[in-house]
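Peer 1: Below is the file final01.tsv, with TSV, C-alpha atoms.
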```
chain	number	residue	atom	x	y	z
G	1	THR	CA	23.67	52.18	179.91
G	2	PRO	CA	24.50	52.78	176.26
G	3	THR	CA	24.01	49.86	173.93
G	4	ALA	CA	26.90	47.89	172.52
G	5	ALA	CA	28.62	49.34	169.50
G	6	GLN	CA	28.84	47.05	166.51
G	7	PRO	CA	31.96	46.37	164.44
G	8	ASP	CA	32.25	47.92	161.01
G	9	PRO	CA	30.65	45.40	158.61
G	10	ARG	CA	32.85	46.44	155.70
G	11	PRO	CA	35.65	43.97	154.94
G	12	VAL	CA	39.05	45.16	156.09
G	13	PRO	CA	42.20	43.60	154.69
G	14	ALA	CA	44.30	41.79	157.27
G	15	ARG	CA	47.54	43.72	157.23
G	16	ARG	CA	50.29	42.69	159.60
G	17	ARG	CA	53.79	43.90	160.31
G	18	SER	CA	55.39	40.55	160.97
G	19	ALA	CA	58.27	39.88	163.30
G	20	GLN	CA	61.56	39.69	161.42
G	21	PRO	CA	64.16	36.90	161.54
G	22	GLN	CA	66.79	37.25	164.23
G	23	GLY	CA	69.66	39.53	163.24
G	24	ARG	CA	71.49	42.76	164.00
G	25	ILE	CA	69.50	45.98	164.26
G	26	PRO	CA	70.96	48.61	161.92
G	27	ASP	CA	71.74	52.06	163.35
G	28	LEU	CA	69.11	53.81	161.27
G	29	ILE	CA	68.91	56.97	163.40
G	30	HIS	CA	72.60	57.91	163.26
G	31	ARG	CA	72.84	57.01	159.58
G	32	THR	CA	69.81	59.10	158.62
G	33	VAL	CA	70.99	62.12	160.61
G	34	HIS	CA	74.43	61.89	159.00
G	35	GLU	CA	72.87	61.71	155.53
G	36	ALA	CA	70.64	64.73	156.19
G	37	LEU	CA	73.56	66.82	157.47
G	38	THR	CA	75.65	65.84	154.46
G	39	ALA	CA	72.83	66.65	152.02
G	40	HIS	CA	72.43	70.13	153.55
G	41	ASN	CA	76.16	70.85	153.86
G	42	GLY	CA	76.06	70.84	157.65
G	43	ASP	CA	73.19	73.33	157.93
G	44	LEU	CA	71.61	72.27	161.25
G	45	GLN	CA	68.30	74.06	160.71
G	46	GLN	CA	67.68	72.65	157.25
G	47	ALA	CA	68.76	69.15	158.27
G	48	THR	CA	66.45	69.24	161.31
G	49	ALA	CA	63.51	70.40	159.17
G	50	GLU	CA	64.07	67.57	156.69
G	51	LEU	CA	64.35	64.98	159.45
G	52	GLN	CA	61.15	66.18	161.08
G	53	ARG	CA	59.34	65.95	157.72
G	54	ARG	CA	60.38	62.33	157.24
G	55	ALA	CA	59.92	61.27	160.87
G	56	ILE	CA	56.79	59.17	160.22
G	57	PRO	CA	58.10	56.87	157.47
G	58	ASP	CA	61.42	56.67	159.29
G	59	VAL	CA	59.89	55.56	162.59
G	60	MET	CA	57.85	52.93	160.76
G	61	ALA	CA	61.04	51.62	159.13
G	62	LEU	CA	62.70	51.62	162.54
G	63	LEU	CA	59.74	49.71	163.97
G	64	ASP	CA	60.20	46.97	161.37
G	65	SER	CA	63.94	46.80	162.02
G	66	CYS	CA	63.70	46.69	165.81
G	67	ARG	CA	61.08	43.92	165.81
G	68	ILE	CA	63.74	41.34	165.02
G	69	GLY	CA	62.86	38.16	166.88
G	70	ALA	CA	59.62	39.64	168.25
G	71	ARG	CA	56.93	37.24	169.44
G	72	TYR	CA	53.97	39.18	168.12
G	73	ASP	CA	52.83	40.46	164.75
G	74	ILE	CA	51.43	43.98	164.54
G	75	VAL	CA	47.87	43.95	163.23
G	76	GLY	CA	47.74	47.40	161.73
G	77	HIS	CA	44.24	47.48	160.21
G	78	PRO	CA	41.77	45.37	162.21
G	79	PRO	CA	37.99	45.83	162.02
G	80	LEU	CA	36.94	48.47	164.54
G	81	PRO	CA	33.85	48.93	166.70
G	82	ASP	CA	31.78	52.06	166.11
G	83	ILE	CA	32.95	53.62	169.39
G	84	LEU	CA	36.39	54.07	167.80
G	85	ARG	CA	35.06	55.78	164.68
G	86	ARG	CA	34.71	59.54	164.42
G	87	LYS	CA	31.17	60.80	164.22
G	88	SER	CA	32.13	63.44	161.63
G	89	ALA	CA	35.16	64.47	159.59
G	90	HIS	CA	36.37	66.83	162.31
G	91	GLY	CA	34.62	65.22	165.26
G	92	ALA	CA	35.77	62.77	167.91
G	93	ASP	CA	34.97	59.17	168.69
G	94	ASP	CA	33.41	57.96	171.96
G	95	VAL	CA	36.59	57.25	173.93
G	96	TRP	CA	37.52	59.41	176.93
G	97	GLU	CA	41.30	59.63	177.46
G	98	ALA	CA	41.13	61.20	180.97
G	99	ARG	CA	43.36	64.16	180.12
G	100	PRO	CA	43.91	66.22	183.30
G	101	ASN	CA	43.28	69.96	183.58
G	102	TRP	CA	43.16	70.57	187.33
G	103	THR	CA	44.01	73.52	189.55
G	104	ARG	CA	43.89	73.41	193.34
G	105	LEU	CA	41.11	75.68	194.57
G	106	ASP	CA	42.57	76.69	197.94
G	107	ALA	CA	46.26	76.80	198.78
G	108	PRO	CA	47.35	76.37	202.42
G	109	PRO	CA	47.98	79.57	204.45
G	110	GLY	CA	50.96	81.73	203.51
G	111	ASN	CA	52.75	82.53	200.28
G	112	HIS	CA	54.07	79.61	198.28
G	113	GLU	CA	56.88	79.32	195.77
G	114	VAL	CA	55.51	77.02	193.09
G	115	THR	CA	57.68	75.09	190.64
G	116	ALA	CA	56.18	74.08	187.33
G	117	LEU	CA	57.80	70.77	186.42
G	118	ASP	CA	57.93	69.36	182.90
G	119	ILE	CA	57.81	65.56	182.63
G	120	ASN	CA	60.35	64.50	180.00
G	121	GLY	CA	59.44	62.18	177.13
G	122	ALA	CA	55.87	61.58	178.33
G	123	TYR	CA	54.68	59.83	175.16
G	124	LEU	CA	57.94	57.92	174.85
G	125	SER	CA	57.51	56.43	178.32
G	126	ALA	CA	53.82	55.73	177.61
G	127	LEU	CA	54.75	53.35	174.77
G	128	LYS	CA	55.19	50.80	177.55
G	129	THR	CA	51.54	50.00	178.22
G	130	HIS	CA	49.16	47.09	177.79
G	131	LEU	CA	48.09	47.12	174.14
G	132	PRO	CA	45.53	44.80	172.52
G	133	LEU	CA	47.18	42.67	169.86
G	134	GLY	CA	44.39	41.67	167.51
G	135	ALA	CA	40.87	42.70	166.63
G	136	LEU	CA	38.80	43.82	169.62
G	137	GLU	CA	36.12	41.40	170.84
G	138	TYR	CA	32.92	42.46	172.57
G	139	SER	CA	31.86	41.34	176.05
G	140	THR	CA	29.47	42.44	178.78
G	141	GLY	CA	29.53	42.32	182.55
G	142	ASN	CA	31.60	43.64	185.43
G	143	VAL	CA	34.55	41.35	184.63
G	144	HIS	CA	38.15	42.35	183.87
G	145	SER	CA	41.07	40.18	182.79
G	146	HIS	CA	44.62	41.45	183.22
G	147	ARG	CA	45.59	39.29	180.24
G	148	ARG	CA	43.47	41.49	177.95
G	149	SER	CA	43.38	45.15	177.07
G	150	GLY	CA	41.07	47.53	175.27
G	151	ILE	CA	38.22	49.97	175.80
G	152	HIS	CA	35.64	49.68	178.60
G	153	LEU	CA	32.28	51.28	179.30
G	154	ILE	CA	32.28	52.04	183.04
G	155	THR	CA	30.35	53.92	185.64
G	156	PRO	CA	33.20	55.82	187.30
G	157	PRO	CA	33.40	56.08	191.09
G	158	GLU	CA	32.85	59.29	193.01
G	159	TRP	CA	36.05	61.23	193.68
G	160	GLU	CA	36.20	62.95	197.07
G	161	HIS	CA	39.73	64.35	196.93
G	162	HIS	CA	39.30	67.32	194.58
G	163	SER	CA	40.74	69.67	197.20
G	164	HIS	CA	44.25	68.22	196.93
G	165	LEU	CA	44.37	65.75	194.01
G	166	PRO	CA	42.85	65.71	190.51
G	167	ASN	CA	40.24	63.15	189.56
G	168	PRO	CA	41.99	60.23	187.80
G	169	LEU	CA	39.18	60.38	185.24
G	170	GLY	CA	40.38	63.82	184.16
G	171	SER	CA	38.32	66.94	183.66
G	172	ARG	CA	34.98	65.38	182.80
G	173	ASP	CA	31.79	67.23	183.70
G	174	GLU	CA	29.25	64.93	182.05
G	175	PRO	CA	27.85	62.34	184.50
G	176	GLY	CA	27.07	58.72	183.78
G	177	PRO	CA	28.83	55.83	182.03
G	178	VAL	CA	31.85	56.60	179.85
G	179	TRP	CA	34.13	54.61	177.53
G	180	VAL	CA	37.66	54.63	179.00
G	181	THR	CA	40.92	52.98	178.04
G	182	GLU	CA	42.81	50.20	179.78
G	183	PRO	CA	45.25	52.48	181.68
G	184	THR	CA	42.42	54.58	183.13
G	185	LEU	CA	40.48	51.49	184.20
G	186	ARG	CA	43.53	49.89	185.82
G	187	LEU	CA	44.40	53.10	187.68
G	188	LEU	CA	40.88	53.38	189.12
G	189	GLN	CA	41.00	49.74	190.15
G	190	ARG	CA	44.36	50.26	191.89
G	191	LEU	CA	43.10	53.30	193.78
G	192	ALA	CA	40.20	51.24	195.12
G	193	THR	CA	42.57	48.80	196.89
G	194	GLU	CA	43.79	48.84	200.47
G	195	GLN	CA	47.35	49.36	199.24
G	196	HIS	CA	46.31	52.76	197.88
G	197	GLY	CA	44.13	53.69	200.82
G	198	HIS	CA	40.78	53.00	199.18
G	199	LEU	CA	40.81	56.43	197.57
G	200	CYS	CA	37.68	55.53	195.62
G	201	ASP	CA	35.25	52.69	195.00
G	202	PRO	CA	36.01	50.28	192.16
G	203	PRO	CA	34.62	51.33	188.78
G	204	VAL	CA	31.70	49.27	187.48
G	205	ILE	CA	32.31	47.75	184.03
G	206	HIS	CA	29.26	47.36	181.77
G	207	GLU	CA	30.74	46.51	178.37
G	208	SER	CA	34.20	45.95	176.92
G	209	TRP	CA	35.99	45.70	173.59
G	210	THR	CA	39.24	43.85	174.30
G	211	SER	CA	41.88	41.53	172.89
G	212	GLY	CA	44.77	39.56	174.30
G	213	SER	CA	47.47	42.07	175.23
G	214	THR	CA	51.15	42.68	175.88
G	215	GLU	CA	53.31	45.48	177.30
G	216	GLN	CA	56.14	44.46	174.99
G	217	LEU	CA	54.71	45.40	171.59
G	218	PHE	CA	56.72	48.63	171.23
G	219	GLU	CA	59.28	47.97	173.94
G	220	LYS	CA	62.28	47.54	171.61
G	221	LEU	CA	61.28	50.67	169.69
G	222	ARG	CA	60.90	52.59	172.96
G	223	GLN	CA	64.33	51.50	174.17
G	224	ILE	CA	66.05	52.44	170.90
G	225	LEU	CA	64.42	55.89	170.84
G	226	ARG	CA	65.15	56.39	174.55
G	227	ASP	CA	68.83	55.50	174.12
G	228	ALA	CA	69.16	57.74	171.04
G	229	ARG	CA	67.51	60.58	172.97
G	230	GLU	CA	69.84	60.13	175.97
G	231	GLU	CA	72.93	60.02	173.74
G	232	ALA	CA	71.84	63.13	171.85
G	233	ILE	CA	71.38	65.01	175.16
G	234	THR	CA	74.79	63.89	176.43
G	235	GLU	CA	76.48	65.02	173.20
G	236	ASN	CA	74.45	68.26	172.85
G	237	ASP	CA	73.21	66.94	169.52
G	238	GLU	CA	70.04	68.98	169.06
G	239	VAL	CA	69.49	67.73	165.50
G	240	THR	CA	69.19	64.11	166.59
G	241	LEU	CA	67.21	65.10	169.67
G	242	GLU	CA	64.55	66.94	167.66
G	243	TYR	CA	64.45	64.09	165.13
G	244	VAL	CA	63.85	61.49	167.84
G	245	LYS	CA	61.18	63.65	169.50
G	246	SER	CA	59.37	63.95	166.19
G	247	MET	CA	59.58	60.21	165.65
G	248	TYR	CA	57.85	59.15	168.84
G	249	SER	CA	55.38	62.05	169.08
G	250	LYS	CA	54.23	61.68	165.45
G	251	PHE	CA	54.16	57.91	165.77
G	252	VAL	CA	51.57	58.22	168.54
G	253	SER	CA	49.57	61.06	167.01
G	254	THR	CA	49.22	59.47	163.55
G	255	MET	CA	48.44	55.86	164.44
G	256	GLY	CA	44.78	56.75	165.01
G	257	GLU	CA	43.68	58.26	161.73
G	258	SER	CA	46.05	60.21	159.52
G	259	ASN	CA	46.80	60.78	155.86
G	260	PHE	CA	50.48	60.86	156.85
G	261	ASN	CA	50.61	57.31	158.20
G	262	ARG	CA	48.49	54.73	156.43
G	263	GLU	CA	50.53	51.77	157.66
G	264	ILE	CA	48.81	51.65	161.06
G	265	TYR	CA	45.18	52.46	161.77
G	266	ARG	CA	44.79	51.69	165.47
G	267	PRO	CA	42.84	54.45	167.24
G	268	ASP	CA	42.57	52.08	170.22
G	269	TRP	CA	46.38	52.11	170.55
G	270	MET	CA	46.53	55.89	170.18
G	271	HIS	CA	43.94	56.40	172.93
G	272	ILE	CA	45.60	53.85	175.21
G	273	ILE	CA	49.09	55.35	174.83
G	274	ARG	CA	47.82	58.87	175.43
G	275	SER	CA	45.86	57.71	178.46
G	276	GLN	CA	48.95	55.96	179.79
G	277	ALA	CA	50.82	59.27	179.61
G	278	PHE	CA	48.02	60.92	181.61
G	279	VAL	CA	48.08	58.07	184.15
G	280	ASN	CA	51.85	58.44	184.53
G	281	LEU	CA	51.40	62.16	185.19
G	282	TRP	CA	48.64	61.50	187.75
G	283	LEU	CA	50.86	59.00	189.56
G	284	LYS	CA	53.62	61.61	189.81
G	285	ALA	CA	51.13	64.05	191.33
G	286	HIS	CA	50.05	61.38	193.81
G	287	LYS	CA	53.69	60.63	194.65
G	288	ALA	CA	54.32	64.32	195.31
G	289	HIS	CA	51.22	64.57	197.50
G	290	THR	CA	52.02	61.50	199.59
G	291	ALA	CA	55.57	62.82	200.10
G	292	GLY	CA	54.21	66.03	201.65
G	293	LEU	CA	54.35	68.41	198.69
G	294	THR	CA	51.41	70.66	197.87
G	295	VAL	CA	50.12	69.86	194.39
G	296	ILE	CA	48.93	73.10	192.75
G	297	ARG	CA	48.24	72.17	189.13
G	298	VAL	CA	48.20	69.06	186.93
G	299	MET	CA	47.75	69.81	183.24
G	300	GLY	CA	47.95	68.11	179.88
G	301	THR	CA	50.47	65.39	179.23
G	302	ASP	CA	53.52	66.56	181.12
G	303	GLU	CA	52.94	69.54	183.43
G	304	LEU	CA	52.99	69.25	187.23
G	305	HIS	CA	53.05	72.31	189.53
G	306	VAL	CA	54.10	71.75	193.15
G	307	ALA	CA	55.01	73.77	196.23
G	308	GLY	CA	57.69	72.39	198.52
G	309	ASP	CA	61.09	70.72	198.26
G	310	TRP	CA	60.45	68.63	195.16
G	311	ARG	CA	64.10	67.68	194.67
G	312	HIS	CA	63.93	65.01	197.36
G	313	ILE	CA	61.13	63.38	195.35
G	314	PHE	CA	62.14	63.93	191.71
G	315	THR	CA	65.52	64.14	190.01
G	316	GLU	CA	66.16	67.20	187.87
G	317	GLY	CA	67.51	66.55	184.39
G	318	ARG	CA	66.53	65.84	180.80
G	319	GLY	CA	66.29	62.04	181.01
G	320	VAL	CA	62.95	60.27	180.66
G	321	SER	CA	63.00	59.37	184.39
G	322	GLN	CA	63.76	62.99	185.34
G	323	VAL	CA	61.95	66.34	185.31
G	324	LYS	CA	62.79	69.82	184.05
G	325	VAL	CA	61.92	73.14	185.69
G	326	LYS	CA	59.55	74.98	183.37
G	327	ASP	CA	58.75	77.97	185.58
G	328	ILE	CA	58.94	79.23	189.17
G	329	TYR	CA	56.33	81.64	190.53
G	330	THR	CA	54.86	82.81	193.83
G	331	LEU	CA	51.30	81.89	194.68
G	332	PRO	CA	49.75	84.13	197.37
G	333	ALA	CA	47.55	82.35	199.90
G	334	GLY	CA	43.98	81.97	198.75
G	335	GLU	CA	44.76	82.48	195.05
G	336	ARG	CA	44.45	79.87	192.35
```
Let me see the structure of the file written as structure tokens.
Peer 2:
Amino acid sequence: TPTAAQPDPRPVPARRRSAQPQGRIPDLIHRTVHEALTAHNGDLQQATAELQRRAIPDVMALLDSCRIGARYDIVGHPPLPDILRRKSAHGADDVWEARPNWTRLDAPPGNHEVTALDINGAYLSALKTHLPLGALEYSTGNVHSHRRSGIHLITPPEWEHHSHLPNPLGSRDEPGPVWVTEPTLRLLQRLATEQHGHLCDPPVIHESWTSGSTEQLFEKLRQILRDAREEAITENDEVTLEYVKSMYSKFVSTMGESNFNREIYRPDWMHIIRSQAFVNLWLKAHKAHTAGLTVIRVMGTDELHVAGDWRHIFTEGRGVSQVKVKDIYTLPAGER
């Protein structure tokens, strides 16, 4: 078992985004889109490009505005354990996000029409996840508290269902203990229960870096972006739609380590949110399988390929609870 990582000894300023006094949330998204269109004389392409460029500072301003009356402060720059620090300028840290990249080896007999489904707003939905609030604290032992969240060193269980479902741990070839995020750990624990058919043994936890947690940290932000996205789709407003997409995708991608967003440095949150998106995708694959569909591929953040009548399982559309058809192709029997 790897030894415990130590926190960075260098002093880090305590920087918090405090909850604001109760009041009315301004309509920042509509106002900013209107200003961009006016500045570019109604040119949709130029306005969209400008909005995408300013998406990061704008989403941070929106975060401050929508945290009116919030219970928790955002600790944006806590001290971090070494496992969350990159080993080189272009390298990675030690956390495994469990990103899927799975293809079924053997399809059932006969030719199959396969539908590639696109999961809408994957990172937007993943903002609702258990996030650690403060600085991560170290602990050892096979103990897990649902009141806390963070990063865990586990020995993952064996997965015996490769023939029809991807490993919840993602496409990992290296054996032995691995640092995983809270969503991955909780998924493995769920799959080890009777309710989920004891699909695997429980993971064994060796070490943890955790803090008290909440699912509500970005909930108001998620709801505002979701509603703006839905309204833009209803009104065929592609400018606002692309702006909102840039806001939530760049918010997630830059909260780890980025020169474009220095207001939040929480690689633990970035890993957890990404892992939650992968967990959500895995659960959709499992739902399809248990409903009698043949799962063919599960890839990346939002791609699920299935054979069978998927419309009695999923609703087609552009909403975050719906799926889009990305492609339809025929898979001959015996082919990958």
Peer 1: Counting all atoms listed in the file, give me one row per residue of range 43-122 of chain G with an atom at most 12 Å from an atom of range 129-142 of chain G, showing the shortest contact pair and its distance in Å to one decimal, sorted by chain then residue number, as a tab-separated table.
Peer 2:
```
residue	atom	partner	partner_atom	distance
G:Arg71	CA	G:Leu133	CA	11.2
G:Tyr72	CA	G:Leu133	CA	7.8
G:Asp73	CA	G:Leu133	CA	7.9
G:Ile74	CA	G:Leu133	CA	6.9
G:Val75	CA	G:Gly134	CA	6.0
G:Gly76	CA	G:Gly134	CA	8.8
G:His77	CA	G:Ala135	CA	8.7
G:Pro78	CA	G:Ala135	CA	5.2
G:Pro79	CA	G:Ala135	CA	6.3
G:Leu80	CA	G:Leu136	CA	7.1
G:Pro81	CA	G:Leu136	CA	7.7
G:Asp82	CA	G:Leu136	CA	11.4
G:Ile83	CA	G:Leu136	CA	11.4
G:Leu84	CA	G:Leu136	CA	10.7
```
Peer 1: Please compute the CA of Pro202 in chain G-CA of Thr301 in chain G distance, one decimal, in Å.
Peer 2: 24.6 Å
Peer 1: Around (53.9, 61.1, 195.7) in the file's frame, which residues reach within 12 Å when counting all atoms listed in the file? Return as number ranges by chain?
Peer 2: G: 165, 196, 280-295, 304, 306, 310, 312-314
Peer 1: Between G:Leu153, G:Val323, G:Leu188, G:Leu221, which has the minimum distance to Leu28 in chain G (counting all atoms listed in the file)?
Peer 2: G:Leu221
Peer 1: If I take CA of Asp27 in chain G and CA of Ala47 in chain G, how far is one from the other in Å, to one decimal?
Peer 2: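 Calculated distance between CA of Asp27 in chain G and CA of Ala47 in chain G is 18.1 Å.
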Peer 1: Select, from G:Ser125, G:Ser163, G:Asn41, G:Ser253, the residue with the minimum atom-to-atom distance to Gln322 in chain G, counting only C-alpha atoms.
Peer 2: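 Of all the options, G:Ser125 lies closest to Gln322 in chain G.
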Peer 1: From the set G:Val143, G:Val180, G:Leu217, G:Ile273, which residue has the shortest atom-to-atom contact distance to Ser249 in chain G, counting only C-alpha atoms?
Peer 2: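 When distances to Ser249 in chain G are compared using only C-alpha atoms, the smallest one comes from G:Ile273.
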Peer 1: Name all residues at most 10 Å from Thr254 in chain G (count only C-alpha atoms; drop same-chain ones fewer than 2 positions away) and give them as a list in words.
Peer 2: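 Residues near the query, excluding close chain neighbours: Ile56, Ser249, Lys250, Phe251, Val252, Gly256, Glu257, Ser258, Asn259, Phe260, Asn261, Arg262, Glu263, Ile264, Tyr265, Arg266, Pro267 and Met270 of chain G.
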Peer 1: Could the residues in this selection be written to a file with C-alpha atoms, as a PDB file, keeping the file's coordinate frame?
Peer 2:
```
ATOM      1  CA  ILE G  56      56.790  59.170 160.220  1.00  0.00           C
ATOM      2  CA  SER G 249      55.380  62.050 169.080  1.00  0.00           C
ATOM      3  CA  LYS G 250      54.230  61.680 165.450  1.00  0.00           C
ATOM      4  CA  PHE G 251      54.160  57.910 165.770  1.00  0.00           C
ATOM      5  CA  VAL G 252      51.570  58.220 168.540  1.00  0.00           C
ATOM      6  CA  GLY G 256      44.780  56.750 165.010  1.00  0.00           C
ATOM      7  CA  GLU G 257      43.680  58.260 161.730  1.00  0.00           C
ATOM      8  CA  SER G 258      46.050  60.210 159.520  1.00  0.00           C
ATOM      9  CA  ASN G 259      46.800  60.780 155.860  1.00  0.00           C
ATOM     10  CA  PHE G 260      50.480  60.860 156.850  1.00  0.00           C
ATOM     11  CA  ASN G 261      50.610  57.310 158.200  1.00  0.00           C
ATOM     12  CA  ARG G 262      48.490  54.730 156.430  1.00  0.00           C
ATOM     13  CA  GLU G 263      50.530  51.770 157.660  1.00  0.00           C
ATOM     14  CA  ILE G 264      48.810  51.650 161.060  1.00  0.00           C
ATOM     15  CA  TYR G 265      45.180  52.460 161.770  1.00  0.00           C
ATOM     16  CA  ARG G 266      44.790  51.690 165.470  1.00  0.00           C
ATOM     17  CA  PRO G 267      42.840  54.450 167.240  1.00  0.00           C
ATOM     18  CA  MET G 270      46.530  55.890 170.180  1.00  0.00           C
TER      19      MET G 270
END
```
Peer 1: For CA of Ser275 in chain G and CA of Met299 in chain G, quote the distance in Å rounded to one decimal.
Peer 2: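 Interatomic distance, CA of Ser275 in chain G to CA of Met299 in chain G: 13.1 Å.
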